[in-house]
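Heads up: the structure comes next, in structure tokens.
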Amino acid sequence: MSKYSNKDFIFTSLDPRGKHQNSVDLTAIGNFVQESYTAYSNARLEKEEIWSECWAVYNGSPKAMEYARQLAVRTVGDAATEWRHKVSTGKAFENVETINSYLQSAFFPNRDWFDLSPLYSGSMEVADVVKKFLKHKLKQANFRTHWDMFTRQLLITGTSVLALPWRKEVVPHTHRVKVEYPLKDEVGVEVGKQTRFEVQTVQKQVYNGTEFETLSVFDCFFDPDEVSDINRANFIRRMVKSKGEVMRLVNSGFYPHLDPMDIVKYRANGNNTVQDTKKRTIANFHGMNWCPNDMVEIIEFWGNVQTAEGYYEDVVVTCLGGHVAKFENNPYWSGKPFVVGTYIPVCSQTYGVGSIEPVLGLLHELSIVTNQRLDNLELAIDAMWTYIDDGTINPEDIYTAPGKLIEVADHNSIKPLIHNQQFTVSYQETGLLEQAIDKTTGTGSFIGVGQGRSGERVTAQEVQATRDAGGNRLGGIHRHIEQTALMLALKKVYRMCQQFVTDDEVIRIPGYQPGEFLYVQVGMEELTHDFDVEPVGAGHIADKEYELQKRLDFVGLVSQNPEMAQRINWEEMMKDLAKRFGFDDIDRFIKQQQQQDPMAQDPMAAMGMPQEPGQPAPQDMQMLMDSMGAM
């Protein structure tokens with residue numbers, strides 16, 4: 001598979017209805033895709049302005065803040081002049097990164113952050129092997145880094161898209177091979193062997209797995225009428241390619257329905273895509289000049305197509321302008337190779353609400369108060385003056401500077417204007433605004449970057465209550481993302497492994513003996529088993545700690561009663577506790593018990609005395625001696 005970043009999938013072109021491709025009206029399908037693209041874009045114009053503003057206040061750069069002020073001027077007015085301050089406080093960046101770090105710790109509390117549950121009998125014995133294989137695939141694709149980027153965009157815009165296509169890369173690999181040749185004497189009799197090294201080139205597989213990529217939400221469009229589940233809605237992805245790359249794909253047969261003249265004549269929004277004629281590469285193609293470096297817009301539609309000719313379900317349509325370049329079935333068993341997540345879902349809305357959108361007004365107010373305080377400091381340093389034009393004073397010389405001399409005819413001819421220099425109010429207002437932003441976004445003292453309160457007046461109940469309040473606020477968001485996005489991503493990855501893994505891969509798992517490791521081949525036979533892949537994050541850790549504490553309490557209770565302790569299988573209890581502590585090779589730490597003679601363990605059995613089933617042997621030595629004397 002080719003790399004998905006600004007590239008297409010490589011798979012066989014199929015007819016969605018089982019008919020010949022020539023019987024499908026590609027023009028009608030192309031018109032449907034273009035109309036859907038226009039409708040989806042117009043339905044979210046207002047949302048895109050909010051996303052741009054959220055990104056601007058998150059970035060905090062001068063150019064981004066200039067754009068944010070252009071959007072905020074509709075609400076706060078335009079009070080900017082050349083000398084006024086226009087700085088950003090960085091509060092949005094602080095809250096987004098704080099919440100994102102908190103969520104990453106909740107998603108991945110340890111290395112065992114997901115688990116497999118067999119759906120049918122007979123699959124439990126291969127569950128550990130398949131889990132190790134799936135963990136290897138996720139680590140190979142660097143999943144946790146891409147998930148961090150996915151959740152960051154989720155916090156900023158409220159909606160984020162993660163692409164997870166399958167990529168298989170095979171490259172030529174040159175190496176030396178040891179070859180043995182027979183040595184023969186003069187009469188042709190073999191007398192020995194000669195060793196040589198020859199250079200050979202073979203095809204070596206360097207990557208075979210899922211390749212994750214966080215797509216920009218501005219390039220992803222969804223059906224606005226499908227609000228129940230955004231992952232099942234029709235999906236359009238916008239890609240930008242060069243004309244040279246598209247022409248190469250057309251010549252290779254990747255876009256079977258696209259004519260080269262469509263690429264040459266393509267114009268974006270009625271204008272030539274080439275703005276700088278000096279950088280044009282003149283090429284002659286069918287008598288027309290075109291530039292391979294010109295950029296074109298490719299539209300990729302995933303979903304259901306409805307035309308006058310019929311209804312096409314779960315198809316992929318790739319369009320260049322109004323021309324269909326490719327039309328085929330969805331080649332993935334798991335459905336669309338995309339996972340869409342929302343931060344805070346809203347009823348009857350396709351897109352979610354991020355953490356910055358509810359506090360945009362507070363962030364603008366915080367920037368205004370901060371800039372006004374800086375303006376006051378500027379006025380306090382560079383004071384304003386009143387002067388009498390007596391012909392001696394030059395107005396351009398009236399400014400403050402160390403060692404500055406101002407020539408005057410009379411000291412009363414120039415006087416400074418005194419203004420309010422008390423900044424206590426602005427500092428207090430800034431603190432209140434930051435507290436309001438923290439409460440709205442759910443970042444408390446134990447969730448933020450600062451240390452929590454400490455001292456003699458802070459009780460343990462107050463500390464626990466504050467920690468629980470912050471955890472519960474973000475805990476609900478964590479559970480929502482975990483159930484709607486992370487679980488879906490894990491299931492899609494395992495489903496793709498079932499579809500595309502054809503060659504066995506060797507993985508290492510703990511063996512049955514202490515210090516032993518087994519190298520197991522995992523392939524199609526092991527992946528035929530169906531499992532329910534579930535993430536086990538911070539909520540699961542809390543449940544596991546509760547179960548562990550209950551078991552420890554049970555062990556303490558049983559240890560106080562010898563009769564109860566005798567009936568416990570301590571080896572299995574140790575394995576169960578070690579599993580909840582996080583050990584996956586507990587057999588290394590369990591000492592093997594030596595086999596003892598059953599006659600030596602049971603004196604009654606050694607004397608040939610029958611013993612009733614279920615009757616425990618006497619434990620007290622005096623009772624044993626008395627019974628033997630009675631006999």
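FYI, nothing fancy with the structure tokens labels: chains A, B, ... in order, residues from 1 per chain, ligands from 1 as they appear.
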
Determine, using only C-alpha atoms, which residues of range 318-357 of chain A have any atom at most 10 Å from an atom of range 93-107 of chain A, and tabulate each with its shortest atom pair and distance in Å to one decimal place, rows ordered by chain and then rising number, as a Markdown table.
```
| residue | atom | partner | partner_atom | distance |
| --- | --- | --- | --- | --- |
| A:Gly354 | CA | A:Val96 | CA | 9.7 |
| A:Ser355 | CA | A:Val96 | CA | 7.4 |
| A:Ile356 | CA | A:Val96 | CA | 7.9 |
```

Kindly export the residues of the current selection with N, CA and C atoms, as a compact mmCIF listing (two decimals), in the first residue's frame.
```txt
# COMPACT_ATOMS: atom_id res chain seq x y z
N GLY A 354 -15.29 21.91 21.38
CA GLY A 354 -13.99 21.71 22.01
C GLY A 354 -13.89 22.40 23.35
N SER A 355 -12.71 22.36 23.91
CA SER A 355 -12.50 22.98 25.22
C SER A 355 -12.29 24.49 25.12
N ILE A 356 -11.89 25.01 23.96
CA ILE A 356 -11.63 26.44 23.82
C ILE A 356 -12.88 27.22 23.44
```

Exercise for review: as a count of residues only, please: all residues of range 130-371 of chain A that backbone DSSP puts in strand (DSSP E or B).
Suggested key: 101

Review point. In Å, how far is it from CA of Arg495 in chain A to CA of Pro345 in chain A?
Key: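 Atom-to-atom, CA of Arg495 in chain A to CA of Pro345 in chain A, that is 26.7 Å.
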
Check your understanding: What is the CA of Glu245 in chain A-CA of Tyr312 in chain A distance in Å, reported with one decimal?
Key ->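 Interatomic distance, CA of Glu245 in chain A to CA of Tyr312 in chain A: 28.9 Å.
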
Exercise for review: For Gln205 in chain A, please output as an NGL selection string all residues within 7 Å (counting only C-alpha atoms; exclusion window: fewer than 6 positions along the same chain).
Suggested key: :A and (169-171)

Point to revise | Pick from A:His257, A:Arg373, A:His478, A:Lys168 nearest to Thr430 in chain A, counting only C-alpha atoms | key: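 Of A:His257, A:Arg373, A:His478, A:Lys168, the one nearest Thr430 in chain A is A:Arg373, counting only C-alpha atoms.
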
Review point. Excluding same-chain residues fewer than 5 positions from Glu46 in chain A, what lies within 12 Å of it counting only C-alpha atoms, as number ranges by chain?
Key: A: 41, 51-53, 71, 351

Check your understanding: Counting only C-alpha atoms, what is within 7 Å of Glu505 in chain A, bar same-chain residues fewer than 6 positions away, as a PyMOL selection string?
Key -> chain A and resi 521-523

Check your understanding: Quick one: DSSP alpha helix (DSSP H) residues in range 202-430 of chain A, as a PyMOL selection string?
Key -> chain A and resi 243-251+260-264+360-381+424-430

**Study point:** Residue among A:Gln498, A:Asn394, A:Ser216, A:Thr484 lying closest to Glu534 in chain A, counting only C-alpha atoms
**Key:**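 Nearest candidate to Glu534 in chain A out of A:Gln498, A:Asn394, A:Ser216, A:Thr484: A:Thr484.
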
Review point. What gap, in Å, lies between CA of Asp375 in chain A and CA of Ala401 in chain A?
Key: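 Calculated distance between CA of Asp375 in chain A and CA of Ala401 in chain A is 17.9 Å.
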
Exercise for review: For range 396-398 of chain A, list every protein, DNA or RNA residue within 12 Å, evaluated using only C-alpha atoms, and leave out those in the same chain fewer than 6 positions away; present the list as a PyMOL selection string.
Suggested key: chain A and resi 382-387+404-408+413-416

Practice item. Determine the nearest neighbour of Asn208 in chain A from the options A:Tyr343, A:Tyr494, A:Trp166, A:Tyr399, counting only C-alpha atoms. Key: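 For Asn208 in chain A, the nearest of the given residues is A:Trp166.
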
Exercise for review: Can you pull out every residue within 10 Å of range 230-234 of chain A, counting only C-alpha atoms, but drop anything in the same chain fewer than 5 positions away, and send it as a list in words?
Suggested key: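 Answer for this query is Ser36, Tyr40, Val161, Phe221, Phe222, Asp223, Pro224, Asp225, Phe301, Trp302, Gly303, Asn304, Val305, Asp314, Gly335, Lys336, Phe338, Val339, Val340, Gly341, Thr342, Gln349, Thr350, Tyr351, Thr484, Ala485 and Leu488 of chain A.
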
Those residues with N, CA, C and O atoms, as a short mmCIF file (atom, residue, chain, number, x, y, z; two decimals), in the first residue's frame please?
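See result-v5.cif below for the written result:
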```cif
data_model
loop_
_atom_site.label_atom_id
_atom_site.label_comp_id
_atom_site.auth_asym_id
_atom_site.auth_seq_id
_atom_site.Cartn_x
_atom_site.Cartn_y
_atom_site.Cartn_z
N SER A 36 -22.68 17.13 -3.10
CA SER A 36 -22.52 16.80 -1.68
C SER A 36 -21.38 17.60 -1.07
O SER A 36 -21.50 18.10 0.06
N TYR A 40 -22.02 20.04 2.04
CA TYR A 40 -21.35 19.80 3.30
C TYR A 40 -20.50 21.02 3.70
O TYR A 40 -20.41 21.36 4.89
N VAL A 161 -10.18 13.74 13.23
CA VAL A 161 -10.27 12.58 12.34
C VAL A 161 -8.91 11.89 12.33
O VAL A 161 -7.87 12.53 12.13
N PHE A 221 -15.12 16.54 5.60
CA PHE A 221 -16.50 17.02 5.55
C PHE A 221 -17.44 15.84 5.77
O PHE A 221 -17.21 14.73 5.26
N PHE A 222 -18.51 16.08 6.54
CA PHE A 222 -19.45 15.03 6.89
C PHE A 222 -20.87 15.45 6.52
O PHE A 222 -21.17 16.65 6.40
N ASP A 223 -21.69 14.44 6.33
CA ASP A 223 -23.09 14.69 6.00
C ASP A 223 -23.76 15.38 7.18
O ASP A 223 -23.85 14.80 8.27
N PRO A 224 -24.27 16.61 7.02
CA PRO A 224 -24.87 17.31 8.17
C PRO A 224 -26.19 16.71 8.62
O PRO A 224 -26.65 17.00 9.72
N ASP A 225 -26.80 15.88 7.78
CA ASP A 225 -28.09 15.27 8.15
C ASP A 225 -27.92 14.03 9.01
O ASP A 225 -28.88 13.56 9.61
N PHE A 301 -14.69 10.62 -1.86
CA PHE A 301 -15.99 10.42 -1.22
C PHE A 301 -16.06 8.98 -0.72
O PHE A 301 -15.82 8.03 -1.46
N TRP A 302 -16.44 8.83 0.56
CA TRP A 302 -16.65 7.51 1.19
C TRP A 302 -18.08 7.46 1.72
O TRP A 302 -18.46 8.29 2.54
N GLY A 303 -18.86 6.52 1.23
CA GLY A 303 -20.23 6.40 1.72
C GLY A 303 -21.17 5.85 0.67
O GLY A 303 -20.78 5.00 -0.16
N ASN A 304 -22.40 6.31 0.71
CA ASN A 304 -23.46 5.82 -0.16
C ASN A 304 -23.80 6.89 -1.20
O ASN A 304 -23.96 8.06 -0.86
N VAL A 305 -23.91 6.48 -2.46
CA VAL A 305 -24.20 7.38 -3.57
C VAL A 305 -25.60 7.10 -4.09
O VAL A 305 -25.97 5.94 -4.33
N ASP A 314 -21.76 1.91 0.24
CA ASP A 314 -20.40 1.72 0.74
C ASP A 314 -19.40 1.68 -0.43
O ASP A 314 -18.75 0.67 -0.69
N GLY A 335 -14.91 -1.31 7.29
CA GLY A 335 -15.63 -0.09 6.95
C GLY A 335 -14.67 1.01 6.53
O GLY A 335 -13.55 0.73 6.06
N LYS A 336 -15.06 2.24 6.70
CA LYS A 336 -14.19 3.36 6.31
C LYS A 336 -12.94 3.36 7.20
O LYS A 336 -13.05 3.23 8.42
N PHE A 338 -11.30 5.36 8.76
CA PHE A 338 -11.21 6.62 9.49
C PHE A 338 -11.94 6.46 10.82
O PHE A 338 -12.94 5.74 10.92
N VAL A 339 -11.43 7.15 11.82
CA VAL A 339 -12.08 7.21 13.13
C VAL A 339 -12.32 8.68 13.45
O VAL A 339 -11.37 9.47 13.47
N VAL A 340 -13.57 9.04 13.67
CA VAL A 340 -13.95 10.42 13.96
C VAL A 340 -14.33 10.51 15.44
O VAL A 340 -15.14 9.70 15.92
N GLY A 341 -13.77 11.46 16.13
CA GLY A 341 -14.06 11.65 17.55
C GLY A 341 -14.57 13.04 17.83
O GLY A 341 -14.28 14.00 17.10
N THR A 342 -15.36 13.16 18.87
CA THR A 342 -15.88 14.45 19.33
C THR A 342 -15.52 14.64 20.80
O THR A 342 -15.49 13.67 21.56
N GLN A 349 -26.38 18.07 16.27
CA GLN A 349 -25.27 18.70 15.58
C GLN A 349 -24.25 17.65 15.19
O GLN A 349 -23.98 16.71 15.94
N THR A 350 -23.70 17.82 13.98
CA THR A 350 -22.73 16.85 13.48
C THR A 350 -21.39 16.99 14.18
O THR A 350 -20.76 15.99 14.53
N TYR A 351 -20.94 18.20 14.38
CA TYR A 351 -19.63 18.46 14.96
C TYR A 351 -19.75 18.76 16.45
O TYR A 351 -20.75 19.33 16.90
N THR A 484 -16.13 5.95 22.26
CA THR A 484 -16.56 6.29 20.91
C THR A 484 -15.42 6.34 19.89
O THR A 484 -15.68 6.17 18.69
N ALA A 485 -14.19 6.54 20.31
CA ALA A 485 -13.09 6.69 19.35
C ALA A 485 -11.99 5.65 19.56
O ALA A 485 -11.63 4.95 18.61
N LEU A 488 -13.15 2.04 18.90
CA LEU A 488 -13.39 1.84 17.47
C LEU A 488 -12.07 1.72 16.72
O LEU A 488 -11.95 0.89 15.79
#
```
